[in-house]
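Q: First the structure, then my questions, so here it is.
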Amino acid sequence: MKTEAITLREIQMPLVHFFETSFSRLYHRRIVLVTAHCEGVDGWGECVTGEDPYYSSEWIESTWPTLKSYLAPSVIGKTISAGRDSASLMARVRGHRMAKASIENALWDAEARQKQVPLWKLLGGTRREIQCGVSIGIQDSVEQLLDKIQTELAAGYRRIKVKVKPGWDVNVLEKIRSRWSDILLSCDANSAYTLDEVEHLRKFDQFNLLMIEQPLWNDDIFYHARLQKELKTALCLDESIESARDAAAAIESDACRIINIKVGRLGGFTEALKVHDVCKANNIPVWCGGMLESGIGRAHNIALSTLDNFRLPGDVSASKRYWKEDIIEPEVEVSPQGMIPINDAPGTGYKIREDLIEKLTVRKETVR
């Protein structure tokens with residue numbers, strides 16, 4: 001499979017409802033899409049970098065030049081036997097994992113389409129349906145949050161995750177638990193706390209949470225290990241895990257009991273599969289985190305979530321939760337039972353709406 005060219009596009013999509021974390025509020029998404037042109041077959045990838053360097057040091061304005069000047073040239077003109085082989089071609093560039101993932105995943109997609117097999121089977125998946133949860137951002141009021149939780153529960157979602165930060169945490173969790181005592185509930189801090197707040201974080205133990213996700217520093221494993229010893233609630237690491245080596249270190253040091261796998265954060269499917277396997281070997285369950293992806297990235301998350309150690313509901317929810325109109329068809333839908341069925345069509349199983357993508361495109365460049 002020879003990569004003849006890479007097309008970069010930036011599209012802009014308004015969110016149905018704003019999404020707020022401990023560090024920012026978004027009303028729309030700027031998204032970089034990658035198309036790998038491979039001998040008559042096009043594979044599509046999505047870069048999950050944010051509009052600002054808050055979640056990660058990567059952001060959209062670092063992504064574009066890195067893709068254009070370094071990562072795309074490293075694969076163009078090269079012949080590889082499989083999408084996974086592209087990871088070594090880009091290894092000379094340090095970091096920039098989200099940018100690398102967009103190219104690597106596009107090449108996995110191209111490989112699946114070329115071989116006429118479903119991407120999920122190419123990845124080694126086994127599940128014929130995946131269970132879905134939702135991530136609900138910080139709202140303008142607790143009442144607004146409770147209304148959104150009610151809506152998502154009525155839609156069948158199997159796990160509710162709420163964003164927390166100092167001043168929007170214990171009081172919010174109390175209100176949720178007083179209304180729903182037995183729902184599967186977790187919270188995500190996006191590194192909003194420090195270790196000297198351990199007494200405050202102990203208060204989270206009373207709410208029977210599935211997990212507290214990434215309470216401490218984004219690059220930390222050591223202090224999460226100290227915190228986990230102080231809490232009954234399982235910690236889940238997200239931002240801290242950038243490789244299988246990180247996952248192994250976190251597991252060995254008892255820094256967490258659950259790991260969130262985001263394919264973009266890990267640099268592509270190849271490393272994500274390695275993290276999955278390390279966790280499976282150590283009986284650490286994983287789930288698939290979301291990054292406000294369009295349907296292209298969402299379809300990749302669905303394929304990845306078919307692997308057997310994705311034992312917990314992920315943030316892989318319906319297109320309509322985020323977009324008035326998605327760039328794939330059919331759009332991603334979740335059953336009343338909170339499940340997404342997996343189909344056997346080649347590639348991701350979803351058709352790219354190139355006409356809509358062109359309408360949403362604000363810049364485009366092809367590297368040959």
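Chain labels A, B, ... are given in the sequence in which chains occur in the structure tokens; within each chain residues are numbered consecutively from 1, and ligands are likewise numbered from 1 in the order shown.
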Which residues in segment 15-212 of chain A does DSSP call alpha helix (DSSP H)? List them as a ChimeraX atom specification.
A: /A:60-66,72-75,86-89,97-115,119-123,142-154,170-179,198-202
Q: Which residues come within 12 Å of Lys229 of chain A, counting only C-alpha atoms, excluding same-chain residues fewer than 2 positions away, as a list of chain:residue names?
A: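 Those residues are A:Leu195, A:Val198, A:Arg202, A:Phe222, A:Tyr223, A:His224, A:Ala225, A:Arg226, A:Leu227, A:Leu231, A:Lys232, A:Thr233, A:Ala234, A:Leu235, A:Ser253, A:Asp254, A:Ala255, A:Cys256, A:Arg257.
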Q: Looking only at the backbone, which of the residues in segment 113-183 of chain A does DSSP tag as strand (DSSP E or B), as an NGL selection string?
A: :A and (118 or 129-132 or 134-136 or 160-163 or 165 or 168)
Q: Let me make sure I understand: among A:Ser240, A:Thr366, A:Asn171, A:Gln131, which one has the smallest atom-to-atom distance to Gly314 of chain A if we use only C-alpha atoms?
A: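 Among A:Ser240, A:Thr366, A:Asn171, A:Gln131, it is A:Gln131 that comes nearest to Gly314 of chain A.
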Q: Pick out the residues sitting within 8 Å of segment 137-142 of chain A, and hand them over as an NGL selection string; count only C-alpha atoms, and ignore anything fewer than 3 positions along from it in its own chain.
A: :A and (19-22 or 145-146 or 162-164 or 168 or 172 or 175)
Q: Show me, as a PyMOL selection string, the residues that have an atom within 9 Å of Arg368 of chain A when counting only C-alpha atoms, minus same-chain residues fewer than 3 positions from it.
A: chain A and resi 4-7+72-73+76-77
Q: May I have the residues from that selection written out with N, CA and C atoms, as a compact mmCIF listing (two decimals), in the first residue's frame?
A:
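Output (again.txt):
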```txt
# COMPACT_ATOMS: atom_id res chain seq x y z
N GLU A 4 0.32 8.05 -1.78
CA GLU A 4 0.70 8.95 -2.87
C GLU A 4 0.59 10.42 -2.48
N ALA A 5 -0.35 10.73 -1.60
CA ALA A 5 -0.55 12.12 -1.17
C ALA A 5 -1.36 12.13 0.12
N ILE A 6 -1.28 13.24 0.84
CA ILE A 6 -2.07 13.47 2.06
C ILE A 6 -2.79 14.81 1.90
N THR A 7 -4.10 14.80 2.08
CA THR A 7 -4.87 16.06 2.06
C THR A 7 -5.25 16.44 3.48
N ALA A 72 3.36 14.19 7.15
CA ALA A 72 2.91 13.76 5.82
C ALA A 72 4.10 13.39 4.93
N PRO A 73 5.16 14.22 4.85
CA PRO A 73 6.31 13.84 4.02
C PRO A 73 6.98 12.53 4.45
N ILE A 76 4.60 9.82 2.65
CA ILE A 76 4.31 9.95 1.23
C ILE A 76 5.43 9.31 0.39
N GLY A 77 5.00 8.51 -0.58
CA GLY A 77 5.95 7.81 -1.44
C GLY A 77 6.44 6.50 -0.88
```
Q: Considering only C-alpha atoms, return as an mmCIF file with all heavy atoms, in the first residue's frame whatever protein or nucleic-acid residues lie within 9 Å of Met13 of chain A, sequence-local ones (same chain, fewer than 4 positions apart) excluded.
A:
```
data_model
loop_
_atom_site.group_PDB
_atom_site.id
_atom_site.type_symbol
_atom_site.label_atom_id
_atom_site.label_comp_id
_atom_site.auth_asym_id
_atom_site.auth_seq_id
_atom_site.Cartn_x
_atom_site.Cartn_y
_atom_site.Cartn_z
ATOM 1 N N HIS A 28 -18.082 25.607 19.608
ATOM 2 C CA HIS A 28 -17.916 24.989 18.296
ATOM 3 C C HIS A 28 -16.553 24.304 18.267
ATOM 4 O O HIS A 28 -15.716 24.523 19.141
ATOM 5 C CB HIS A 28 -18.017 26.033 17.175
ATOM 6 C CG HIS A 28 -16.806 26.895 17.035
ATOM 7 N ND1 HIS A 28 -16.534 27.939 17.890
ATOM 8 C CD2 HIS A 28 -15.765 26.847 16.146
ATOM 9 C CE1 HIS A 28 -15.395 28.517 17.532
ATOM 10 N NE2 HIS A 28 -14.900 27.870 16.483
ATOM 11 N N ARG A 29 -16.360 23.456 17.263
ATOM 12 C CA ARG A 29 -15.094 22.742 17.134
ATOM 13 C C ARG A 29 -14.416 23.080 15.819
ATOM 14 O O ARG A 29 -15.049 23.116 14.770
ATOM 15 C CB ARG A 29 -15.333 21.224 17.184
ATOM 16 C CG ARG A 29 -15.616 20.686 18.561
ATOM 17 C CD ARG A 29 -14.364 20.588 19.405
ATOM 18 N NE ARG A 29 -13.590 19.384 19.056
ATOM 19 C CZ ARG A 29 -12.304 19.402 18.728
ATOM 20 N NH1 ARG A 29 -11.632 20.540 18.657
ATOM 21 N NH2 ARG A 29 -11.662 18.277 18.453
ATOM 22 N N ARG A 30 -13.131 23.350 15.905
ATOM 23 C CA ARG A 30 -12.256 23.389 14.735
ATOM 24 C C ARG A 30 -11.585 22.019 14.661
ATOM 25 O O ARG A 30 -10.943 21.592 15.620
ATOM 26 C CB ARG A 30 -11.206 24.478 14.878
ATOM 27 C CG ARG A 30 -11.761 25.891 14.956
ATOM 28 C CD ARG A 30 -10.638 26.887 15.282
ATOM 29 N NE ARG A 30 -9.623 26.916 14.227
ATOM 30 C CZ ARG A 30 -8.404 27.463 14.393
ATOM 31 N NH1 ARG A 30 -8.071 27.998 15.574
ATOM 32 N NH2 ARG A 30 -7.543 27.481 13.393
ATOM 33 N N ILE A 31 -11.737 21.347 13.545
ATOM 34 C CA ILE A 31 -11.274 19.961 13.427
ATOM 35 C C ILE A 31 -10.404 19.814 12.184
ATOM 36 O O ILE A 31 -10.788 20.256 11.092
ATOM 37 C CB ILE A 31 -12.472 18.987 13.329
ATOM 38 C CG1 ILE A 31 -13.334 19.062 14.603
ATOM 39 C CG2 ILE A 31 -11.993 17.554 13.096
ATOM 40 C CD1 ILE A 31 -14.643 18.312 14.511
ATOM 41 N N SER A 294 -15.861 14.471 15.369
ATOM 42 C CA SER A 294 -16.862 14.335 14.320
ATOM 43 C C SER A 294 -17.096 12.842 14.093
ATOM 44 O O SER A 294 -16.473 11.984 14.738
ATOM 45 C CB SER A 294 -16.362 14.979 13.020
ATOM 46 O OG SER A 294 -15.395 14.143 12.401
ATOM 47 N N TRP A 323 -23.829 17.201 17.225
ATOM 48 C CA TRP A 323 -23.899 17.858 15.925
ATOM 49 C C TRP A 323 -25.321 17.872 15.371
ATOM 50 O O TRP A 323 -26.026 16.864 15.444
ATOM 51 C CB TRP A 323 -22.996 17.142 14.905
ATOM 52 C CG TRP A 323 -21.663 16.749 15.450
ATOM 53 C CD1 TRP A 323 -21.175 15.491 15.649
ATOM 54 C CD2 TRP A 323 -20.617 17.641 15.903
ATOM 55 N NE1 TRP A 323 -19.915 15.535 16.174
ATOM 56 C CE2 TRP A 323 -19.542 16.834 16.343
ATOM 57 C CE3 TRP A 323 -20.495 19.026 15.948
ATOM 58 C CZ2 TRP A 323 -18.361 17.381 16.837
ATOM 59 C CZ3 TRP A 323 -19.330 19.567 16.443
ATOM 60 C CH2 TRP A 323 -18.272 18.755 16.880
ATOM 61 N N GLU A 325 -25.764 18.101 12.266
ATOM 62 C CA GLU A 325 -25.561 17.280 11.071
ATOM 63 C C GLU A 325 -24.130 16.772 11.101
ATOM 64 O O GLU A 325 -23.187 17.562 11.157
ATOM 65 C CB GLU A 325 -25.817 18.125 9.823
ATOM 66 C CG GLU A 325 -25.951 17.345 8.542
ATOM 67 C CD GLU A 325 -26.360 18.216 7.362
ATOM 68 O OE1 GLU A 325 -26.230 19.456 7.449
ATOM 69 O OE2 GLU A 325 -26.774 17.644 6.343
ATOM 70 N N ASP A 326 -23.963 15.447 11.067
ATOM 71 C CA ASP A 326 -22.624 14.870 11.131
ATOM 72 C C ASP A 326 -22.086 14.656 9.712
ATOM 73 O O ASP A 326 -22.828 14.706 8.733
ATOM 74 C CB ASP A 326 -22.651 13.541 11.895
ATOM 75 C CG ASP A 326 -21.311 13.211 12.548
ATOM 76 O OD1 ASP A 326 -20.296 13.838 12.193
ATOM 77 O OD2 ASP A 326 -21.286 12.315 13.420
ATOM 78 N N LEU A 360 -18.045 22.729 4.912
ATOM 79 C CA LEU A 360 -17.562 23.101 6.243
ATOM 80 C C LEU A 360 -16.080 23.477 6.252
ATOM 81 O O LEU A 360 -15.568 23.990 7.247
ATOM 82 C CB LEU A 360 -17.780 21.941 7.227
ATOM 83 C CG LEU A 360 -19.230 21.519 7.486
ATOM 84 C CD1 LEU A 360 -19.275 20.232 8.309
ATOM 85 C CD2 LEU A 360 -20.005 22.627 8.187
#
```
Q: Of the residues A:Ser88, A:Ala106, A:Gln12, A:Ile80, which is the one nearest to Ile60 of chain A, using only C-alpha atoms?
A: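 Using only C-alpha atoms, the shortest distance to Ile60 of chain A belongs to A:Gln12.
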Q: Name all residues at most 9 Å from Ser102 of chain A (count only C-alpha atoms; drop same-chain ones fewer than 2 positions away) and give them as a list in words.
A: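 Counting only C-alpha atoms, the residues come to Val32, Leu33, Val34, Thr35, Trp44, Gly45, Glu46, Cys47, Val48, Arg97, Met98, Ala99, Lys100, Glu104, Asn105, Ala106, Leu107, Gly264, Gly267, Gly268 and Gly297 of chain A.
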Q: Mind dumping the selected residues with all heavy atoms as a compact mmCIF listing (two decimals), in the first residue's frame?
A:
```txt
# COMPACT_ATOMS: atom_id res chain seq x y z
N VAL A 32 -9.24 19.19 12.35
CA VAL A 32 -8.38 18.87 11.22
C VAL A 32 -8.67 17.43 10.78
O VAL A 32 -8.58 16.50 11.58
CB VAL A 32 -6.89 19.03 11.57
CG1 VAL A 32 -6.02 18.52 10.43
CG2 VAL A 32 -6.57 20.50 11.85
N LEU A 33 -9.02 17.28 9.50
CA LEU A 33 -9.23 15.97 8.91
C LEU A 33 -8.07 15.65 7.98
O LEU A 33 -7.50 16.54 7.34
CB LEU A 33 -10.53 15.93 8.11
CG LEU A 33 -11.82 16.20 8.88
CD1 LEU A 33 -13.01 16.17 7.93
CD2 LEU A 33 -12.01 15.19 10.02
N VAL A 34 -7.71 14.38 7.92
CA VAL A 34 -6.62 13.90 7.08
C VAL A 34 -7.16 12.85 6.12
O VAL A 34 -7.87 11.92 6.55
CB VAL A 34 -5.50 13.28 7.94
CG1 VAL A 34 -4.49 12.55 7.08
CG2 VAL A 34 -4.81 14.36 8.76
N THR A 35 -6.85 13.00 4.84
CA THR A 35 -7.18 11.97 3.86
C THR A 35 -5.89 11.43 3.28
O THR A 35 -5.06 12.18 2.76
CB THR A 35 -8.04 12.53 2.70
OG1 THR A 35 -9.11 13.31 3.24
CG2 THR A 35 -8.61 11.40 1.86
N TRP A 44 -9.48 7.87 5.79
CA TRP A 44 -9.76 9.12 6.50
C TRP A 44 -9.37 9.02 7.97
O TRP A 44 -9.63 8.01 8.63
CB TRP A 44 -11.25 9.47 6.40
CG TRP A 44 -11.67 9.92 5.02
CD1 TRP A 44 -11.88 9.14 3.92
CD2 TRP A 44 -11.91 11.27 4.61
NE1 TRP A 44 -12.24 9.91 2.85
CE2 TRP A 44 -12.27 11.23 3.24
CE3 TRP A 44 -11.86 12.51 5.25
CZ2 TRP A 44 -12.58 12.37 2.50
CZ3 TRP A 44 -12.17 13.65 4.52
CH2 TRP A 44 -12.52 13.58 3.16
N GLY A 45 -8.77 10.10 8.46
CA GLY A 45 -8.43 10.21 9.87
C GLY A 45 -8.82 11.57 10.41
O GLY A 45 -9.06 12.51 9.64
N GLU A 46 -8.89 11.67 11.72
CA GLU A 46 -9.26 12.93 12.37
C GLU A 46 -8.24 13.26 13.44
O GLU A 46 -7.87 12.38 14.24
CB GLU A 46 -10.65 12.82 12.99
CG GLU A 46 -11.08 14.04 13.78
CD GLU A 46 -12.54 13.99 14.21
OE1 GLU A 46 -13.32 13.24 13.61
OE2 GLU A 46 -12.90 14.72 15.16
N CYS A 47 -7.78 14.49 13.48
CA CYS A 47 -6.87 14.94 14.54
C CYS A 47 -7.70 15.54 15.66
O CYS A 47 -8.50 16.45 15.42
CB CYS A 47 -5.87 15.95 14.00
SG CYS A 47 -4.58 16.32 15.21
N VAL A 48 -7.52 15.05 16.87
CA VAL A 48 -8.37 15.45 17.99
C VAL A 48 -7.79 16.61 18.80
O VAL A 48 -8.26 16.90 19.90
CB VAL A 48 -8.68 14.26 18.92
CG1 VAL A 48 -9.45 13.19 18.18
CG2 VAL A 48 -7.39 13.68 19.53
N ARG A 97 1.54 13.39 19.20
CA ARG A 97 0.85 12.10 19.08
C ARG A 97 -0.50 12.23 18.39
O ARG A 97 -0.90 11.34 17.63
CB ARG A 97 0.69 11.46 20.47
CG ARG A 97 1.99 11.03 21.09
CD ARG A 97 1.82 10.52 22.52
NE ARG A 97 3.11 10.12 23.07
CZ ARG A 97 3.99 10.94 23.63
NH1 ARG A 97 3.69 12.23 23.71
NH2 ARG A 97 5.13 10.51 24.11
N MET A 98 -1.21 13.30 18.66
CA MET A 98 -2.53 13.45 18.04
C MET A 98 -2.40 13.66 16.54
O MET A 98 -3.20 13.13 15.76
CB MET A 98 -3.28 14.61 18.70
CG MET A 98 -3.60 14.36 20.15
SD MET A 98 -4.42 15.77 20.93
CE MET A 98 -4.51 15.17 22.62
N ALA A 99 -1.39 14.41 16.13
CA ALA A 99 -1.14 14.60 14.70
C ALA A 99 -0.74 13.27 14.06
O ALA A 99 -1.24 12.91 12.98
CB ALA A 99 -0.06 15.65 14.50
N LYS A 100 0.14 12.53 14.72
CA LYS A 100 0.54 11.22 14.19
C LYS A 100 -0.66 10.29 14.06
O LYS A 100 -0.79 9.56 13.06
CB LYS A 100 1.59 10.58 15.11
CG LYS A 100 2.95 11.23 15.08
CD LYS A 100 3.89 10.57 16.08
CE LYS A 100 5.28 11.20 16.04
NZ LYS A 100 6.18 10.62 17.06
N GLU A 104 -1.82 7.90 10.93
CA GLU A 104 -1.80 6.45 11.10
C GLU A 104 -3.19 5.84 10.97
O GLU A 104 -3.40 4.84 10.28
CB GLU A 104 -1.19 6.06 12.45
CG GLU A 104 -1.01 4.55 12.54
CD GLU A 104 -0.74 4.03 13.93
OE1 GLU A 104 0.01 4.68 14.68
OE2 GLU A 104 -1.28 2.96 14.27
N ASN A 105 -4.17 6.47 11.61
CA ASN A 105 -5.52 5.92 11.58
C ASN A 105 -6.13 6.01 10.18
O ASN A 105 -6.91 5.14 9.78
CB ASN A 105 -6.40 6.62 12.60
CG ASN A 105 -5.93 6.36 14.03
OD1 ASN A 105 -5.05 5.55 14.26
ND2 ASN A 105 -6.53 7.05 14.98
N ALA A 106 -5.78 7.07 9.44
CA ALA A 106 -6.23 7.16 8.05
C ALA A 106 -5.67 6.00 7.23
O ALA A 106 -6.35 5.45 6.35
CB ALA A 106 -5.80 8.49 7.44
N LEU A 107 -4.43 5.60 7.53
CA LEU A 107 -3.81 4.50 6.80
C LEU A 107 -4.39 3.15 7.22
O LEU A 107 -4.50 2.23 6.39
CB LEU A 107 -2.30 4.55 6.96
CG LEU A 107 -1.64 5.73 6.23
CD1 LEU A 107 -0.18 5.91 6.64
CD2 LEU A 107 -1.74 5.56 4.71
N GLY A 264 -6.18 9.14 19.93
CA GLY A 264 -5.41 10.31 19.55
C GLY A 264 -4.32 10.63 20.55
O GLY A 264 -3.18 10.94 20.17
N GLY A 267 -1.32 8.39 20.04
CA GLY A 267 -0.55 8.45 18.81
C GLY A 267 -1.03 7.54 17.70
O GLY A 267 -0.37 7.41 16.68
N GLY A 268 -2.18 6.87 17.91
CA GLY A 268 -2.72 6.02 16.85
C GLY A 268 -3.12 4.65 17.36
O GLY A 268 -2.89 4.28 18.51
N GLY A 297 -13.79 10.50 13.55
CA GLY A 297 -13.12 10.05 14.76
C GLY A 297 -14.00 9.15 15.60
O GLY A 297 -13.53 8.19 16.23
```
Q: Of the candidates A:Ser24, A:Ser69, A:Thr194, A:Asn301, which shows the shortest atom-to-atom distance to Asp52 of chain A, using only C-alpha atoms?
A: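 Closest candidate: A:Ser24.
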Q: Between A:Tyr193, A:Trp287, A:Trp120, A:Phe310, which one has atoms that come closest to Met211 of chain A, using only C-alpha atoms?
A: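 Of A:Tyr193, A:Trp287, A:Trp120, A:Phe310, the one nearest Met211 of chain A is A:Trp287, counting only C-alpha atoms.
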Q: Rank A:Leu122, A:Cys236, A:Leu356, A:Val275 by their smallest atom-to-atom distance to Ala303 of chain A, using only C-alpha atoms, and report the top residue only.
A: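 Ranking A:Leu122, A:Cys236, A:Leu356, A:Val275 by distance to Ala303 of chain A, first place goes to A:Leu122.
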Q: Would you list the contacts of Leu185 of chain A as a list in words, taking every protein, DNA or RNA residue within 9 Å and counting only C-alpha atoms, but skipping same-chain residues closer than 4 positions in sequence?
A: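 Close residues of Leu185 of chain A: Arg159, Ile160, Lys161, Val162, Arg177, Phe207, Asn208, Leu209, Leu210 and Met211 of chain A.
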Q: Quote the spacing between atom CA of Glu197 of chain A and atom CA of Tyr54 of chain A in Å to one decimal place.
A: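 Separating atom CA of Glu197 of chain A from atom CA of Tyr54 of chain A is a distance of 21.8 Å.
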Q: Using only C-alpha atoms, what table do you get, as JSON lines, when you list each residue of segment 93-204 of chain A with an atom no more than 7 Å from segment 336-347 of chain A, its nearest pair of atoms, and their distance in Å rounded to one decimal, rows by chain then rising number?
A:
```
{"residue": "A:Asp109", "atom": "CA", "partner": "A:Gly347", "partner_atom": "CA", "distance": 5.5}
{"residue": "A:Ala112", "atom": "CA", "partner": "A:Gly347", "partner_atom": "CA", "distance": 4.8}
{"residue": "A:Arg113", "atom": "CA", "partner": "A:Gly347", "partner_atom": "CA", "distance": 4.8}
{"residue": "A:Gln116", "atom": "CA", "partner": "A:Pro346", "partner_atom": "CA", "distance": 4.9}
{"residue": "A:Val117", "atom": "CA", "partner": "A:Pro346", "partner_atom": "CA", "distance": 4.5}
{"residue": "A:Pro118", "atom": "CA", "partner": "A:Pro346", "partner_atom": "CA", "distance": 4.3}
{"residue": "A:Leu119", "atom": "CA", "partner": "A:Gly347", "partner_atom": "CA", "distance": 4.8}
{"residue": "A:Arg128", "atom": "CA", "partner": "A:Ile342", "partner_atom": "CA", "distance": 5.1}
{"residue": "A:Glu129", "atom": "CA", "partner": "A:Pro341", "partner_atom": "CA", "distance": 4.2}
{"residue": "A:Ile130", "atom": "CA", "partner": "A:Ile340", "partner_atom": "CA", "distance": 5.3}
{"residue": "A:Gln131", "atom": "CA", "partner": "A:Met339", "partner_atom": "CA", "distance": 4.6}
{"residue": "A:Cys132", "atom": "CA", "partner": "A:Gly338", "partner_atom": "CA", "distance": 5.5}
{"residue": "A:Ala155", "atom": "CA", "partner": "A:Pro336", "partner_atom": "CA", "distance": 5.9}
{"residue": "A:Gly156", "atom": "CA", "partner": "A:Gly338", "partner_atom": "CA", "distance": 4.5}
{"residue": "A:Tyr157", "atom": "CA", "partner": "A:Gly338", "partner_atom": "CA", "distance": 4.5}
{"residue": "A:Arg158", "atom": "CA", "partner": "A:Gly338", "partner_atom": "CA", "distance": 5.8}
```
Q: Report the distance between atom CA of Leu15 of chain A and atom CA of Tyr322 of chain A in Å, rounded to one decimal place.
A: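 Interatomic distance here is 5.3 Å.
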Q: For each of A:Arg127, A:Ala318, A:Arg298, A:Asp182, take the minimum atom-to-atom distance to Ser335 of chain A, counting only C-alpha atoms, then give the residue where this is smallest.
A: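 Using only C-alpha atoms, the shortest distance to Ser335 of chain A belongs to A:Ala318.
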Q: Atom CA of Ser319 of chain A to atom CA of Ser181 of chain A: how many Å, to one decimal?
A: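 Answer for the atom CA of Ser319 of chain A to atom CA of Ser181 of chain A separation: 28.4 Å.
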